[in-house]
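Note sheet for the following structure.
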Amino acid sequence: MLVIVGRIGRAHGIKGDIGMIVRTDDPDLRFAAGAELVTVAEPPRTLTVESSRWHSGRLLVKFVESPDRTAAENLRNLEVQAEIGENERPEDPEEYYDRELIGLKVRTTTGEEAGEVIDVIHLPSQDLLEVRRPAGNAVLVPLVEELVPQIDLDAGYVTVADRPGLLDPDGAEVVPAEPGDTAR
């Protein structure tokens, strides 16, 4: 199964090195010399990692297929995927692949059926579960322990601590502003 592990950034230097925007928790494995990655493009291309190194907090990758800066710039903004075994799991038991979460049933801490996970959205600050509610609408739930206290892959469900407005946006608590507060 192919899983997105990064997005190609701008070229670094003149020898074809590329800054990689990492989207994997195991970059040293996914971008190791000899690793083959597949671009998310039409038509897809296979890129072979020649070398990778960390420089000023950023991963620089050199692909066999990008011998110079011009070739590296032509790859900019392409997402790259790695082949991940169907039964492969992250080392940390608190980490999950998107494919493991999509399709799980969602229930509240009181056991009420609340929908199904239909997507995982990755933002810079945190990940979100997109949940299709029984009524057909979708809501976004931050994937943090306070709101998602339990994920049971074997049983096939995610527990969500329902808070006012989380699963039912119409039920959100509106806190009135203090007199004299100005809206920004």
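If you're wondering about the labels, chains in the structure tokens are A, B, ... by order shown, residues count from 1 in each chain, ligands from 1 in order shown.
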Write out, as CSV, each residue of region 68-154 of chain A that has an atom at most 8 Å from region 158-163 of chain A, together with the closest pair of atoms and their distance in Å to one decimal, counting only C-alpha atoms, rows going by chain and rising number.
```
residue,atom,partner,partner_atom,distance
A:Leu104,CA,A:Val158,CA,6.5
A:Lys105,CA,A:Val158,CA,6.2
A:Val106,CA,A:Val158,CA,4.9
A:Arg107,CA,A:Thr159,CA,5.1
A:Thr108,CA,A:Val160,CA,4.8
A:Thr109,CA,A:Ala161,CA,5.4
A:Glu146,CA,A:Ala161,CA,7.3
A:Leu147,CA,A:Ala161,CA,5.0
A:Val148,CA,A:Val160,CA,4.7
A:Pro149,CA,A:Thr159,CA,6.2
A:Gln150,CA,A:Thr159,CA,5.1
A:Ile151,CA,A:Val158,CA,4.5
A:Asp152,CA,A:Val158,CA,6.2
```
Residues of region 20-101 of chain A within 10 Å of region 117-130 of chain A: nearest atom pair and distance (Å, one decimal) for each, counting only C-alpha atoms, sorted by chain and number, as a tab-separated table?
```
residue	atom	partner	partner_atom	distance
A:Arg23	CA	A:His122	CA	8.8
A:Tyr97	CA	A:Val120	CA	9.4
A:Asp98	CA	A:Val120	CA	6.0
A:Arg99	CA	A:Asp119	CA	8.8
A:Leu101	CA	A:Val117	CA	6.7
```
Residue list (strand (DSSP E or B), DSSP) for region 8-137 of chain A, as a PyMOL selection string: chain A and resi 8-12+17-22+36-39+46-55+58-63+79-83+105-108+113-122+127-132
Every residue of region 7-110 of chain A that DSSP places in alpha helix (DSSP H), as a list in words: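 DSSP on the backbone gives alpha helix (DSSP H) at Pro27, Asp28, Leu29, Arg30, Arg69, Thr70, Ala71, Ala72, Glu73, Asp98, Arg99, Glu100 and Leu101 of chain A.
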Spatial neighbours of Gln81 (chain A), 8 Å, only C-alpha atoms, chain gap at least 3 places, as number ranges by chain: A: 2-6, 37-40
Mind dumping the selected residues with N, CA, C and O atoms as a PDB file, in the first residue's frame?
```pdb
ATOM      1  N   LEU A   2       0.555   2.200  -0.866  1.00  0.00           N
ATOM      2  CA  LEU A   2       1.314   3.437  -0.940  1.00  0.00           C
ATOM      3  C   LEU A   2       0.775   4.444   0.073  1.00  0.00           C
ATOM      4  O   LEU A   2      -0.440   4.644   0.173  1.00  0.00           O
ATOM      5  N   VAL A   3       1.697   5.077   0.808  1.00  0.00           N
ATOM      6  CA  VAL A   3       1.348   6.064   1.824  1.00  0.00           C
ATOM      7  C   VAL A   3       2.189   7.312   1.577  1.00  0.00           C
ATOM      8  O   VAL A   3       3.409   7.211   1.352  1.00  0.00           O
ATOM      9  N   ILE A   4       1.553   8.496   1.615  1.00  0.00           N
ATOM     10  CA  ILE A   4       2.288   9.745   1.416  1.00  0.00           C
ATOM     11  C   ILE A   4       3.252   9.958   2.573  1.00  0.00           C
ATOM     12  O   ILE A   4       2.861   9.896   3.737  1.00  0.00           O
ATOM     13  N   VAL A   5       4.524  10.204   2.231  1.00  0.00           N
ATOM     14  CA  VAL A   5       5.553  10.400   3.255  1.00  0.00           C
ATOM     15  C   VAL A   5       6.199  11.782   3.186  1.00  0.00           C
ATOM     16  O   VAL A   5       6.987  12.143   4.056  1.00  0.00           O
ATOM     17  N   GLY A   6       5.870  12.562   2.156  1.00  0.00           N
ATOM     18  CA  GLY A   6       6.453  13.895   2.076  1.00  0.00           C
ATOM     19  C   GLY A   6       6.028  14.647   0.832  1.00  0.00           C
ATOM     20  O   GLY A   6       5.358  14.108  -0.044  1.00  0.00           O
ATOM     21  N   LEU A  37      10.542   5.919  -4.007  1.00  0.00           N
ATOM     22  CA  LEU A  37       9.320   6.661  -3.715  1.00  0.00           C
ATOM     23  C   LEU A  37       8.582   6.892  -5.023  1.00  0.00           C
ATOM     24  O   LEU A  37       9.198   7.022  -6.077  1.00  0.00           O
ATOM     25  N   VAL A  38       7.265   6.971  -4.937  1.00  0.00           N
ATOM     26  CA  VAL A  38       6.429   7.174  -6.121  1.00  0.00           C
ATOM     27  C   VAL A  38       5.740   8.524  -5.996  1.00  0.00           C
ATOM     28  O   VAL A  38       5.147   8.836  -4.958  1.00  0.00           O
ATOM     29  N   THR A  39       5.804   9.327  -7.050  1.00  0.00           N
ATOM     30  CA  THR A  39       5.160  10.640  -7.012  1.00  0.00           C
ATOM     31  C   THR A  39       3.649  10.514  -7.172  1.00  0.00           C
ATOM     32  O   THR A  39       3.162   9.592  -7.819  1.00  0.00           O
ATOM     33  N   VAL A  40       2.941  11.450  -6.567  1.00  0.00           N
ATOM     34  CA  VAL A  40       1.494  11.541  -6.743  1.00  0.00           C
ATOM     35  C   VAL A  40       1.299  12.529  -7.888  1.00  0.00           C
ATOM     36  O   VAL A  40       1.171  13.724  -7.685  1.00  0.00           O
TER      37      VAL A  40
END
```
Atom pair CA of Ala135 (chain A) / CA of Glu112 (chain A): separation (Å):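 Taking CA of Ala135 (chain A) and CA of Glu112 (chain A), their separation equals 14.0 Å.
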